[in-house]
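coords_29.pdb (PDB, C-alpha atoms) appears below.
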ATOM      1  CA  MET A  14      -0.649  91.708 121.368
ATOM      2  CA  ASN A  15      -2.235  90.290 124.563
ATOM      3  CA  ALA A  16      -1.487  86.742 123.395
ATOM      4  CA  VAL A  17       2.134  87.686 122.820
ATOM      5  CA  MET A  18       2.376  89.254 126.288
ATOM      6  CA  GLN A  19       0.829  86.166 127.882
ATOM      7  CA  LYS A  20       3.359  83.972 126.128
ATOM      8  CA  LEU A  21       6.171  86.190 127.373
ATOM      9  CA  LEU A  22       4.781  86.003 130.906
ATOM     10  CA  ARG A  23       4.683  82.200 130.803
ATOM     11  CA  ALA A  24       8.271  82.163 129.573
ATOM     12  CA  PHE A  25       9.379  84.354 132.482
ATOM     13  CA  GLU A  26       7.447  82.294 134.982
ATOM     14  CA  ALA A  27       8.941  78.995 133.815
ATOM     15  CA  GLY A  28      10.843  77.400 136.681
ATOM     16  CA  SER A  29      14.477  78.479 136.807
ATOM     17  CA  THR A  30      15.527  76.155 139.627
ATOM     18  CA  SER A  31      15.762  72.929 137.604
ATOM     19  CA  PHE A  32      19.471  73.036 136.834
ATOM     20  CA  THR A  33      22.588  71.116 137.801
ATOM     21  CA  HIS A  34      25.371  73.639 137.274
ATOM     22  CA  ILE A  35      26.283  77.172 136.216
ATOM     23  CA  LEU A  36      28.140  77.991 133.019
ATOM     24  CA  VAL A  37      30.993  80.501 133.258
ATOM     25  CA  GLY A  38      32.383  80.038 129.784
ATOM     26  CA  ASN A  39      32.847  77.613 126.934
ATOM     27  CA  GLU A  40      36.331  76.092 126.909
ATOM     28  CA  GLY A  41      38.714  76.105 129.847
ATOM     29  CA  TYR A  42      36.070  75.903 132.591
ATOM     30  CA  GLU A  43      34.920  72.914 134.598
ATOM     31  CA  SER A  44      31.571  73.526 136.269
ATOM     32  CA  VAL A  45      30.915  72.422 139.843
ATOM     33  CA  LYS A  46      27.597  70.659 140.480
ATOM     34  CA  PHE A  47      25.020  72.825 142.234
ATOM     35  CA  ASP A  48      24.767  72.090 145.952
ATOM     36  CA  LEU A  49      22.819  73.924 148.659
ATOM     37  CA  ALA A  50      25.857  73.407 150.893
ATOM     38  CA  ASN A  51      27.725  75.913 148.719
ATOM     39  CA  TYR A  52      25.701  78.784 150.192
ATOM     40  CA  HIS A  53      27.901  80.343 152.874
ATOM     41  CA  ALA A  54      26.687  82.837 155.459
ATOM     42  CA  ILE A  55      28.169  86.335 155.476
ATOM     43  CA  VAL A  56      28.988  88.129 158.724
ATOM     44  CA  PRO A  57      29.734  91.811 157.966
ATOM     45  CA  LYS A  58      33.141  92.810 159.280
ATOM     46  CA  ALA A  59      35.120  95.904 158.305
ATOM     47  CA  ALA A  60      38.590  95.454 156.822
ATOM     48  CA  PRO A  61      41.072  97.659 154.923
ATOM     49  CA  ILE A  62      39.614  97.959 151.435
ATOM     50  CA  ALA A  63      40.109 100.041 148.286
ATOM     51  CA  PHE A  64      38.090 100.360 145.078
ATOM     52  CA  VAL A  65      38.923 101.281 141.466
ATOM     53  CA  ASP A  66      36.664 102.183 138.554
ATOM     54  CA  SER A  67      36.856 104.051 135.263
ATOM     55  CA  GLY A  68      34.627 105.890 132.827
ATOM     56  CA  ASN A  69      34.868 107.312 129.342
ATOM     57  CA  ALA A  70      32.944 109.277 126.756
ATOM     58  CA  GLU A  71      33.279 109.313 122.997
ATOM     59  CA  LEU A  72      33.688 112.900 121.864
ATOM     60  CA  ALA A  73      34.089 112.253 118.126
ATOM     61  CA  SER A  74      34.524 109.329 115.765
ATOM     62  CA  GLY A  75      34.831 108.415 112.115
ATOM     63  CA  PRO A  76      35.697 105.325 110.064
ATOM     64  CA  ASN A  77      39.390 105.812 110.800
ATOM     65  CA  PHE A  78      39.516 107.431 114.251
ATOM     66  CA  ALA A  79      37.943 107.826 117.682
ATOM     67  CA  LEU A  80      38.500 110.576 120.229
ATOM     68  CA  HIS A  81      37.584 109.641 123.811
ATOM     69  CA  PHE A  82      37.904 111.226 127.220
ATOM     70  CA  ILE A  83      38.951 108.737 129.917
ATOM     71  CA  ARG A  84      38.783 109.072 133.696
ATOM     72  CA  THR A  85      40.011 106.566 136.290
ATOM     73  CA  CYS A  86      39.360 106.712 140.019
ATOM     74  CA  ALA A  87      40.588 104.953 143.165
ATOM     75  CA  ILE A  88      38.827 105.187 146.528
ATOM     76  CA  VAL A  89      40.859 104.434 149.654
ATOM     77  CA  ARG A  90      39.238 104.907 153.048
ATOM     78  CA  GLY A  91      40.572 107.944 154.910
ATOM     79  CA  LYS A  92      42.116 109.507 151.793
ATOM     80  CA  LYS A  93      41.001 111.819 149.026
ATOM     81  CA  PRO A  94      39.858 110.107 145.818
ATOM     82  CA  ILE A  95      42.671 109.528 143.343
ATOM     83  CA  ILE A  96      41.516 110.700 139.909
ATOM     84  CA  GLU A  97      43.354 110.588 136.589
ATOM     85  CA  GLU A  98      42.073 112.009 133.299
ATOM     86  CA  ALA A  99      43.244 111.763 129.708
ATOM     87  CA  PHE A 100      42.241 112.328 126.111
ATOM     88  CA  CYS A 101      42.629 109.218 123.972
ATOM     89  CA  LEU A 102      42.990 109.484 120.188
ATOM     90  CA  VAL A 103      42.896 106.269 118.150
ATOM     91  CA  GLN A 104      43.832 106.554 114.456
ATOM     92  CA  ALA A 105      44.305 104.174 111.573
ATOM     93  CA  THR A 106      47.704 104.508 109.942
ATOM     94  CA  SER A 107      49.989 102.548 107.649
ATOM     95  CA  GLN A 108      52.991 100.780 109.156
ATOM     96  CA  ASN A 109      55.229  98.646 106.951
ATOM     97  CA  GLY A 110      52.543  98.607 104.275
ATOM     98  CA  LYS A 111      49.820  97.443 106.679
ATOM     99  CA  LEU A 112      46.964  99.369 108.258
ATOM    100  CA  VAL A 113      46.971  99.402 112.065
ATOM    101  CA  TYR A 114      45.488 101.481 114.866
ATOM    102  CA  VAL A 115      47.860 103.601 116.927
ATOM    103  CA  THR A 116      46.885 105.439 120.097
ATOM    104  CA  ASP A 117      47.892 108.731 121.642
ATOM    105  CA  LEU A 118      47.014 109.167 125.323
ATOM    106  CA  ILE A 119      47.408 112.694 126.658
ATOM    107  CA  GLY A 120      47.167 113.066 130.427
ATOM    108  CA  ILE A 121      48.165 109.666 131.827
ATOM    109  CA  GLU A 122      51.708 108.351 131.685
ATOM    110  CA  GLY A 123      53.104 104.867 132.110
ATOM    111  CA  ILE A 124      50.689 102.835 129.962
ATOM    112  CA  ARG A 125      52.112 100.582 127.274
ATOM    113  CA  LEU A 126      49.784 101.530 124.436
ATOM    114  CA  PRO A 127      49.176  98.737 121.938
ATOM    115  CA  THR A 128      49.387  98.883 118.164
ATOM    116  CA  ILE A 129      46.269  97.037 117.069
ATOM    117  CA  ASP A 130      45.743  95.153 113.824
ATOM    118  CA  LEU A 131      42.541  96.239 112.097
ATOM    119  CA  TYR A 132      41.321  92.634 112.304
ATOM    120  CA  GLU A 133      42.593  91.787 115.805
ATOM    121  CA  PRO A 134      40.409  88.711 116.586
ATOM    122  CA  THR A 135      39.901  89.524 120.279
ATOM    123  CA  LEU A 136      38.356  92.899 119.396
ATOM    124  CA  ALA A 137      36.699  92.296 116.009
ATOM    125  CA  GLU A 138      33.060  91.278 115.630
ATOM    126  CA  GLY A 139      32.945  88.330 113.255
ATOM    127  CA  THR A 140      34.682  89.163 110.002
ATOM    128  CA  HIS A 141      34.262  92.923 110.461
ATOM    129  CA  ARG A 142      37.289  95.042 111.187
ATOM    130  CA  VAL A 143      37.882  96.459 114.638
ATOM    131  CA  GLN A 144      36.150  99.777 115.241
ATOM    132  CA  PRO A 145      38.394 102.570 116.609
ATOM    133  CA  SER A 146      36.075 103.001 119.609
ATOM    134  CA  LYS A 147      36.809  99.394 120.632
ATOM    135  CA  VAL A 148      40.491 100.279 120.889
ATOM    136  CA  ALA A 149      39.648 103.330 123.018
ATOM    137  CA  GLU A 150      37.588 101.097 125.347
ATOM    138  CA  LEU A 151      40.593  98.788 125.664
ATOM    139  CA  VAL A 152      42.805 101.749 126.569
ATOM    140  CA  ARG A 153      40.294 102.758 129.278
ATOM    141  CA  THR A 154      40.572  99.284 130.823
ATOM    142  CA  LEU A 155      44.375  99.387 130.628
ATOM    143  CA  ALA A 156      44.352 102.805 132.320
ATOM    144  CA  GLU A 157      42.202 101.440 135.150
ATOM    145  CA  LEU A 158      44.464  98.408 135.636
ATOM    146  CA  ARG A 159      47.518 100.657 135.550
ATOM    147  CA  LEU A 160      46.011 102.803 138.341
ATOM    148  CA  ALA A 161      45.331  99.655 140.377
ATOM    149  CA  SER A 162      48.928  98.461 139.871
ATOM    150  CA  TRP A 163      50.284 101.865 140.891
ATOM    151  CA  LEU A 164      48.061 101.889 143.972
ATOM    152  CA  VAL A 165      49.004  98.439 145.311
ATOM    153  CA  PRO A 166      52.457  99.358 146.736
ATOM    154  CA  GLU A 167      50.850 102.316 148.546
ATOM    155  CA  LEU A 168      48.358 100.084 150.395
ATOM    156  CA  PRO A 169      48.944  98.424 153.779
ATOM    157  CA  ASN A 170      49.520  94.682 153.886
ATOM    158  CA  ASN A 171      46.274  92.620 153.862
ATOM    159  CA  THR A 172      44.255  95.317 152.078
ATOM    160  CA  LEU A 173      41.459  94.194 149.729
ATOM    161  CA  LEU A 174      41.463  95.879 146.294
ATOM    162  CA  VAL A 175      38.207  95.598 144.331
ATOM    163  CA  ARG A 176      37.581  96.773 140.780
ATOM    164  CA  ASP A 177      34.198  97.373 139.173
ATOM    165  CA  GLY A 178      33.861  94.398 136.840
ATOM    166  CA  ASP A 179      35.225  90.889 136.503
ATOM    167  CA  LEU A 180      38.848  89.749 136.303
ATOM    168  CA  GLN A 181      38.711  88.264 132.812
ATOM    169  CA  ALA A 182      41.284  89.502 130.302
ATOM    170  CA  HIS A 183      39.806  89.648 126.815
ATOM    171  CA  THR A 184      43.056  90.527 125.009
ATOM    172  CA  ILE A 185      46.755  89.779 125.382
ATOM    173  CA  PHE A 186      47.224  93.433 126.357
ATOM    174  CA  GLU A 187      44.885  93.013 129.340
ATOM    175  CA  GLN A 188      46.594  89.732 130.258
ATOM    176  CA  ASN A 189      49.905  91.562 130.538
ATOM    177  CA  ALA A 190      48.298  94.304 132.653
ATOM    178  CA  TYR A 191      46.726  91.756 135.004
ATOM    179  CA  ARG A 192      50.011  89.881 135.278
ATOM    180  CA  GLU A 193      51.726  93.038 136.525
ATOM    181  CA  LEU A 194      48.873  93.775 138.932
ATOM    182  CA  TYR A 195      48.900  90.254 140.399
ATOM    183  CA  GLU A 196      52.671  90.281 140.865
ATOM    184  CA  ARG A 197      52.602  93.599 142.709
ATOM    185  CA  ALA A 198      49.716  92.340 144.839
ATOM    186  CA  ARG A 199      51.686  89.198 145.713
ATOM    187  CA  ILE A 200      54.680  91.230 146.874
ATOM    188  CA  GLN A 201      52.547  93.660 148.898
ATOM    189  CA  GLY A 202      50.134  91.101 150.337
ATOM    190  CA  VAL A 203      47.049  92.688 148.728
ATOM    191  CA  THR A 204      43.977  90.715 147.636
ATOM    192  CA  ILE A 205      42.611  91.435 144.126
ATOM    193  CA  ALA A 206      38.921  91.019 143.322
ATOM    194  CA  GLY A 207      36.231  92.323 140.965
ATOM    195  CA  LEU A 208      32.517  92.877 141.585
ATOM    196  CA  SER A 209      30.208  93.057 138.560
ATOM    197  CA  LYS A 210      27.002  95.119 138.596
ATOM    198  CA  THR A 211      25.613  92.978 135.772
ATOM    199  CA  SER A 212      26.173  89.329 134.930
ATOM    200  CA  THR A 213      25.539  87.154 131.874
ATOM    201  CA  LEU A 214      26.121  83.864 133.722
ATOM    202  CA  LEU A 215      23.574  81.171 132.829
ATOM    203  CA  THR A 216      22.547  77.841 134.303
ATOM    204  CA  ASN A 217      22.773  74.745 132.121
ATOM    205  CA  ALA A 218      18.956  75.014 131.770
ATOM    206  CA  GLY A 219      19.306  78.416 130.107
ATOM    207  CA  HIS A 220      18.163  80.646 132.990
ATOM    208  CA  SER A 221      19.956  83.546 134.629
ATOM    209  CA  ALA A 222      22.331  82.060 137.193
ATOM    210  CA  ILE A 223      21.783  84.922 139.625
ATOM    211  CA  THR A 224      17.983  84.622 139.385
ATOM    212  CA  ALA A 225      18.170  80.870 139.992
ATOM    213  CA  LEU A 226      20.466  81.206 143.004
ATOM    214  CA  MET A 227      18.329  84.002 144.478
ATOM    215  CA  GLU A 228      15.236  81.770 144.299
ATOM    216  CA  LEU A 229      16.944  78.938 146.203
ATOM    217  CA  ALA A 230      18.982  81.041 148.648
ATOM    218  CA  PRO A 231      18.409  81.459 152.391
ATOM    219  CA  PRO A 232      16.802  84.784 153.504
ATOM    220  CA  THR A 233      20.127  86.202 154.650
ATOM    221  CA  ALA A 234      23.276  87.701 153.194
ATOM    222  CA  TRP A 235      25.142  84.885 151.487
ATOM    223  CA  ASN A 236      28.011  83.907 149.222
ATOM    224  CA  TYR A 237      27.678  81.006 146.770
ATOM    225  CA  HIS A 238      30.960  79.270 145.906
ATOM    226  CA  PRO A 239      32.383  77.287 144.119
ATOM    227  CA  ILE A 240      30.787  77.636 140.703
ATOM    228  CA  ALA A 241      33.504  76.485 138.313
ATOM    229  CA  THR A 242      37.255  76.100 138.052
ATOM    230  CA  SER A 243      39.222  77.850 135.323
ATOM    231  CA  THR A 244      42.345  76.684 133.523
ATOM    232  CA  LYS A 245      42.384  79.717 131.238
ATOM    233  CA  PRO A 246      45.454  81.976 131.308
ATOM    234  CA  ASP A 247      43.186  84.945 130.552
ATOM    235  CA  HIS A 248      40.995  84.322 133.616
ATOM    236  CA  GLN A 249      43.111  83.447 136.644
ATOM    237  CA  ALA A 250      40.224  83.853 139.040
ATOM    238  CA  SER A 251      37.558  81.984 140.942
ATOM    239  CA  VAL A 252      33.939  83.098 140.497
ATOM    240  CA  ALA A 253      31.309  83.416 143.230
ATOM    241  CA  ILE A 254      27.847  84.959 143.418
ATOM    242  CA  THR A 255      27.099  86.996 146.508
ATOM    243  CA  LYS A 256      24.208  88.832 148.136
ATOM    244  CA  LEU A 257      25.678  91.428 150.473
ATOM    245  CA  HIS A 258      22.649  92.496 152.517
ATOM    246  CA  PRO A 259      19.634  90.460 153.706
ATOM    247  CA  ARG A 260      17.128  93.067 152.434
ATOM    248  CA  SER A 261      18.809  93.671 149.102
ATOM    249  CA  HIS A 262      17.045  92.698 145.870
ATOM    250  CA  TYR A 263      20.370  92.108 144.147
ATOM    251  CA  ALA A 264      23.160  89.562 144.041
ATOM    252  CA  PHE A 265      26.416  90.090 142.160
ATOM    253  CA  ARG A 266      29.124  88.145 140.426
ATOM    254  CA  LEU A 267      32.354  88.283 142.417
ATOM    255  CA  ASP A 268      35.762  87.326 140.966
ATOM    256  CA  ILE A 269      38.784  86.767 143.194
ATOM    257  CA  HIS A 270      42.296  86.042 141.975
ATOM    258  CA  ASP A 271      43.070  82.323 142.323
ATOM    259  CA  GLN A 272      46.065  82.903 144.589
ATOM    260  CA  HIS A 273      43.874  84.930 146.957
ATOM    261  CA  LEU A 274      41.019  82.424 147.236
ATOM    262  CA  PRO A 275      41.682  81.684 150.960
ATOM    263  CA  PHE A 276      40.699  85.315 151.645
ATOM    264  CA  LEU A 277      37.241  84.967 150.044
ATOM    265  CA  PRO A 278      35.349  84.839 153.404
ATOM    266  CA  GLU A 279      37.177  87.962 154.614
ATOM    267  CA  LEU A 280      36.441  89.672 151.283
ATOM    268  CA  VAL A 281      32.666  89.084 151.302
ATOM    269  CA  ASN A 282      32.425  90.032 154.989
ATOM    270  CA  ALA A 283      34.222  93.324 154.263
ATOM    271  CA  LEU A 284      32.066  94.015 151.192
ATOM    272  CA  ALA A 285      28.931  93.375 153.236
ATOM    273  CA  ALA A 286      30.115  95.865 155.857
ATOM    274  CA  GLU A 287      30.382  98.406 153.007
ATOM    275  CA  SER A 288      26.911  97.639 151.639
ATOM    276  CA  THR A 289      24.495  99.243 154.085
ATOM    277  CA  ASP A 290      23.855 102.585 152.369
ATOM    278  CA  ALA A 291      20.193 103.167 151.522
ATOM    279  CA  ALA A 292      21.171 104.716 148.182
ATOM    280  CA  PHE A 293      21.901 101.195 146.882
ATOM    281  CA  LEU A 294      21.345  98.689 149.654
ATOM    282  CA  GLY A 295      23.541  95.639 149.190
ATOM    283  CA  TYR A 296      26.156  97.334 147.000
ATOM    284  CA  PRO A 297      29.517  98.536 148.375
ATOM    285  CA  TYR A 298      29.550 102.272 149.034
ATOM    286  CA  GLY A 299      33.176 102.502 147.899
ATOM    287  CA  LEU A 300      32.138 101.376 144.404
ATOM    288  CA  ILE A 301      29.250 103.865 144.432
ATOM    289  CA  GLU A 302      31.790 106.606 145.149
ATOM    290  CA  ALA A 303      34.255 105.343 142.540
ATOM    291  CA  ASP A 304      31.512 105.260 139.910
ATOM    292  CA  ARG A 305      30.389 108.780 140.819
ATOM    293  CA  TYR A 306      33.876 110.221 140.437
ATOM    294  CA  ALA A 307      34.814 108.226 137.325
ATOM    295  CA  LYS A 308      31.608 108.734 135.348
ATOM    296  CA  VAL A 309      31.686 111.237 132.486
ATOM    297  CA  ARG A 310      28.216 112.787 132.515
ATOM    298  CA  ASN A 311      26.358 114.078 129.471
ATOM    299  CA  ASP A 312      26.755 117.762 130.331
ATOM    300  CA  GLU A 313      30.489 117.257 130.816
ATOM    301  CA  LYS A 314      30.691 115.305 127.572
ATOM    302  CA  GLY A 315      29.029 118.233 125.785
ATOM    303  CA  TYR A 316      31.552 120.667 127.236
ATOM    304  CA  LEU A 317      34.496 118.467 126.226
ATOM    305  CA  ARG A 318      33.050 118.040 122.750
ATOM    306  CA  LEU A 319      32.787 121.813 122.420
ATOM    307  CA  LYS A 320      36.431 122.194 123.436
ATOM    308  CA  ALA A 321      37.409 119.667 120.755
ATOM    309  CA  GLU A 322      35.404 121.551 118.131
ATOM    310  CA  MET A 323      37.044 124.850 119.102
ATOM    311  CA  ALA A 324      40.512 123.329 118.950
ATOM    312  CA  LEU A 325      40.109 121.277 115.775
ATOM    313  CA  GLY A 326      37.629 123.369 113.819
ATOM    314  CA  LYS A 327      36.409 122.100 110.447
ATOM    315  CA  LYS A 328      38.962 119.289 110.415
ATOM    316  CA  LEU A 329      36.924 117.474 113.060
ATOM    317  CA  GLU A 330      33.714 117.804 111.037
ATOM    318  CA  GLN A 331      35.485 116.607 107.898
ATOM    319  CA  GLN A 332      36.831 113.537 109.696
ATOM    320  CA  GLU A 333      33.369 112.654 111.006
ATOM    321  CA  THR A 334      31.442 112.861 107.728
ATOM    322  CA  GLY A 335      31.943 109.155 107.032
ATOM    323  CA  SER A 336      29.841 108.180 110.042
ATOM    324  CA  THR A 337      27.337 110.997 110.641
ATOM    325  CA  ALA A 338      24.959 110.618 107.679
ATOM    326  CA  HIS A 339      22.523 108.551 109.765
ATOM    327  CA  ASP A 340      22.263 111.343 112.341
ATOM    328  CA  ALA A 341      21.664 113.859 109.569
ATOM    329  CA  LEU A 342      18.812 111.694 108.216
ATOM    330  CA  ASN A 343      17.232 111.441 111.678
ATOM    331  CA  LYS A 344      17.242 115.241 111.985
ATOM    332  CA  ALA A 345      15.719 115.601 108.527
ATOM    333  CA  THR A 346      12.822 113.272 109.327
TER
END
Conversion result in structure tokens:
Amino acid sequence: MNAVMQKLLRAFEAGSTSFTHILVGNEGYESVKFDLANYHAIVPKAAPIAFVDSGNAELASGPNFALHFIRTCAIVRGKKPIIEEAFCLVQATSQNGKLVYVTDLIGIEGIRLPTIDLYEPTLAEGTHRVQPSKVAELVRTLAELRLASWLVPELPNNTLLVRDGDLQAHTIFEQNAYRELYERARIQGVTIAGLSKTSTLLTNAGHSAITALMELAPPTAWNYHPIATSTKPDHQASVAITKLHPRSHYAFRLDIHDQHLPFLPELVNALAAESTDAAFLGYPYGLIEADRYAKVRNDEKGYLRLKAEMALGKKLEQQETGSTAHDALNKAT
């Protein structure tokens, strides 16, 4: 075991700074060569800013259905949090002789709910059919983007609107939702961005891009840009990596809509001004708040599950039997 651990240690200690560029994706991206000149200093400066996030919990599932609880939240300085909640039921059903997933969303209006093919390639894993929970996750994202679109006309001109996550659309349904959001933002003069708590970006040498940039960065708050240019219709954004406080141990991926790229310096300065709370130094407090309000905690999930059991009775248990045998085995052993 010690030999294995030593080998792992050597692998971690291998130099991560010998790279020439960062990879954002496979096709449709052109990487920009790494250059120390692409580190830009951040000067914290407050600006009008809003944040959106969402959370969900799976209350029940089977081979043909998933029942989720979804919560979306928007944080706007000087106002009460805007919170929306809904139950989402995804079911397999036959339409025109073909099995598809249909969705019922109870609690949030105004979302164009998709009918999903059981083998929709943007949601399926390999040759396996799409799991109902994947559709529920998609609906959660659509609900969050719908809240952002609704919020934009209510915001003052020149406000920054930041979501938790990137700005990449993984399905045609998300592309349509982003298109609506970007158009409303254009009319209102609002900047759209996304900050990701985690990142899978790699260097061309196979190391974590964030780790590599942190090792080479100046001992200040900084923003590294450009990384790559995108020609993909499902990712109309420019990607940066930013460290928002000099004493923070973290840097984050930051996406900004292509049309709003001139506002990138203002955006990182405003995010840095939001990132001084000791609870998570270097992370915007507005996103901490949005996460806190949107998260569905385990005790709440248990309560919601109990409500579903009381309302649906044995029918819920019968629907779940196709996917609960593994849990039963765990309890037996």
Tell me which protein, DNA and RNA residues are within 8 Å of A:Leu136, counting only C-alpha atoms, leaving out same-chain ones fewer than 4 positions away, and put them as a VMD selection string. chain A and resid 132 143 147 to 148 184
Return the padded bounding box of stretch 141-145 of chain A as lines of an AutoDock Vina configuration file: axis-aligned, built from all atoms listed in the file, 5 Å added on each side, with centre and edge lengths in Å to one decimal.
center_x = 36.3
center_y = 97.7
center_z = 113.5
size_x = 14.1
size_y = 19.6
size_z = 16.1
Between atom CA of A:His141 and atom CA of A:Ala79, what is the spacing in Å? 17.0 Å
Residues in the PyMOL selection byres ((chain A and resi 201) around 7), expressed as number ranges by chain: A: 165-166, 170, 197-200, 202-203
Picked residues, the PyMOL selection byres ((chain A and resi 33-50) around 10), as a PyMOL selection string: chain A and resi 30-32+51-53+213-223+225-226+229-231+237-248+252
Limited to C-alpha atoms, could you put the picked residues into a file as a PDB file, in the frame of the given file?
ATOM      1  CA  THR A  30      15.527  76.155 139.627  1.00  0.00           C
ATOM      2  CA  SER A  31      15.762  72.929 137.604  1.00  0.00           C
ATOM      3  CA  PHE A  32      19.471  73.036 136.834  1.00  0.00           C
ATOM      4  CA  ASN A  51      27.725  75.913 148.719  1.00  0.00           C
ATOM      5  CA  TYR A  52      25.701  78.784 150.192  1.00  0.00           C
ATOM      6  CA  HIS A  53      27.901  80.343 152.874  1.00  0.00           C
ATOM      7  CA  THR A 213      25.539  87.154 131.874  1.00  0.00           C
ATOM      8  CA  LEU A 214      26.121  83.864 133.722  1.00  0.00           C
ATOM      9  CA  LEU A 215      23.574  81.171 132.829  1.00  0.00           C
ATOM     10  CA  THR A 216      22.547  77.841 134.303  1.00  0.00           C
ATOM     11  CA  ASN A 217      22.773  74.745 132.121  1.00  0.00           C
ATOM     12  CA  ALA A 218      18.956  75.014 131.770  1.00  0.00           C
ATOM     13  CA  GLY A 219      19.306  78.416 130.107  1.00  0.00           C
ATOM     14  CA  HIS A 220      18.163  80.646 132.990  1.00  0.00           C
ATOM     15  CA  SER A 221      19.956  83.546 134.629  1.00  0.00           C
ATOM     16  CA  ALA A 222      22.331  82.060 137.193  1.00  0.00           C
ATOM     17  CA  ILE A 223      21.783  84.922 139.625  1.00  0.00           C
ATOM     18  CA  ALA A 225      18.170  80.870 139.992  1.00  0.00           C
ATOM     19  CA  LEU A 226      20.466  81.206 143.004  1.00  0.00           C
ATOM     20  CA  LEU A 229      16.944  78.938 146.203  1.00  0.00           C
ATOM     21  CA  ALA A 230      18.982  81.041 148.648  1.00  0.00           C
ATOM     22  CA  PRO A 231      18.409  81.459 152.391  1.00  0.00           C
ATOM     23  CA  TYR A 237      27.678  81.006 146.770  1.00  0.00           C
ATOM     24  CA  HIS A 238      30.960  79.270 145.906  1.00  0.00           C
ATOM     25  CA  PRO A 239      32.383  77.287 144.119  1.00  0.00           C
ATOM     26  CA  ILE A 240      30.787  77.636 140.703  1.00  0.00           C
ATOM     27  CA  ALA A 241      33.504  76.485 138.313  1.00  0.00           C
ATOM     28  CA  THR A 242      37.255  76.100 138.052  1.00  0.00           C
ATOM     29  CA  SER A 243      39.222  77.850 135.323  1.00  0.00           C
ATOM     30  CA  THR A 244      42.345  76.684 133.523  1.00  0.00           C
ATOM     31  CA  LYS A 245      42.384  79.717 131.238  1.00  0.00           C
ATOM     32  CA  PRO A 246      45.454  81.976 131.308  1.00  0.00           C
ATOM     33  CA  ASP A 247      43.186  84.945 130.552  1.00  0.00           C
ATOM     34  CA  HIS A 248      40.995  84.322 133.616  1.00  0.00           C
ATOM     35  CA  VAL A 252      33.939  83.098 140.497  1.00  0.00           C
TER      36      VAL A 252
END
Run the PyMOL selection byres ((chain A and resi 310-316) around 8) against the file shown and list the residues it catches, as a PyMOL selection string. chain A and resi 70-72+308-309+317-320
Which is closest to A:Pro145 among A:Ser74, A:Asn69, A:Thr106, A:Asn15, if we use only C-alpha atoms? A:Ser74
Measuring between all atoms listed in the file, which one of A:Leu102, A:Leu277, A:Ala234, A:Met323 shows the shortest distance to A:Ile55?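 Once distances to A:Ile55 are computed over all atoms listed in the file, the minimum belongs to A:Ala234.
Omitting A:Pro61 and its sequence neighbours fewer than 2 positions away, and counting only C-alpha atoms, the residues within 10 Å are Ala59, Ala63, Val89, Arg90, Leu168, Pro169, Asn170, Asn171, Thr172, Leu173, Leu174, Val203, Leu280 and Ala283 of chain A.
Atom CA of A:Glu196 is found 27.3 Å from atom CA of A:Cys101.
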Nearest to A:Gln144 by atom-to-atom distance, counting all atoms listed in the file, from A:Ile205, A:Ala73, A:Leu131, A:Ala156: A:Leu131
In Å, with one decimal, what is the gap from atom CA of A:Ala99 to atom CA of A:Pro127? 16.3 Å
Nearest-residue call for A:Gly68, choices A:Asp117, A:Glu228, A:Glu187, A:Glu157, using all atoms listed in the file: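 Under the stated criterion, the closest residue is A:Glu157.
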Pick out the residues sitting within 12 Å of A:Ile301, and hand them over as a list in words; count only C-alpha atoms, and ignore anything fewer than 5 positions along from it in its own chain. Phe64, Val65, Asp66, Ser67, Cys86, Ala87, Ile88, Arg176, Asp177, Leu208, Lys210, Glu287, Ser288, Thr289, Asp290, Ala291, Ala292, Phe293, Leu294, Gly295, Tyr296, Tyr306, Ala307 and Lys308 of chain A
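Every protein, DNA or RNA residue with an atom at most 8 Å from A:Arg159, where all atoms listed in the file count and chain neighbours fewer than 3 positions away do not, is listed here: Gly123, Ile124, Leu155, Ala156, Ser162, Trp163, Ala190 and Leu194 of chain A.
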Which residue of A:Ala105, A:Ala149, A:Val113, A:Ile129 approaches A:Ile83 most closely, using only C-alpha atoms: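 Closest to A:Ile83, using only C-alpha atoms: A:Ala149.
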I want to know what sits within 10 Å of A:Val56, based on all atoms listed in the file, with residues of the same chain fewer than 3 positions away left out; could you give that as a compact mmCIF listing (two decimals) with C-alpha atoms, in the frame of the given file?
# COMPACT_ATOMS: atom_id res chain seq x y z
CA HIS A 53 27.90 80.34 152.87
CA ALA A 59 35.12 95.90 158.30
CA THR A 233 20.13 86.20 154.65
CA ALA A 234 23.28 87.70 153.19
CA TRP A 235 25.14 84.88 151.49
CA LEU A 257 25.68 91.43 150.47
CA HIS A 258 22.65 92.50 152.52
CA PRO A 278 35.35 84.84 153.40
CA GLU A 279 37.18 87.96 154.61
CA VAL A 281 32.67 89.08 151.30
CA ASN A 282 32.42 90.03 154.99
CA ALA A 283 34.22 93.32 154.26
CA ALA A 285 28.93 93.38 153.24
CA ALA A 286 30.12 95.86 155.86
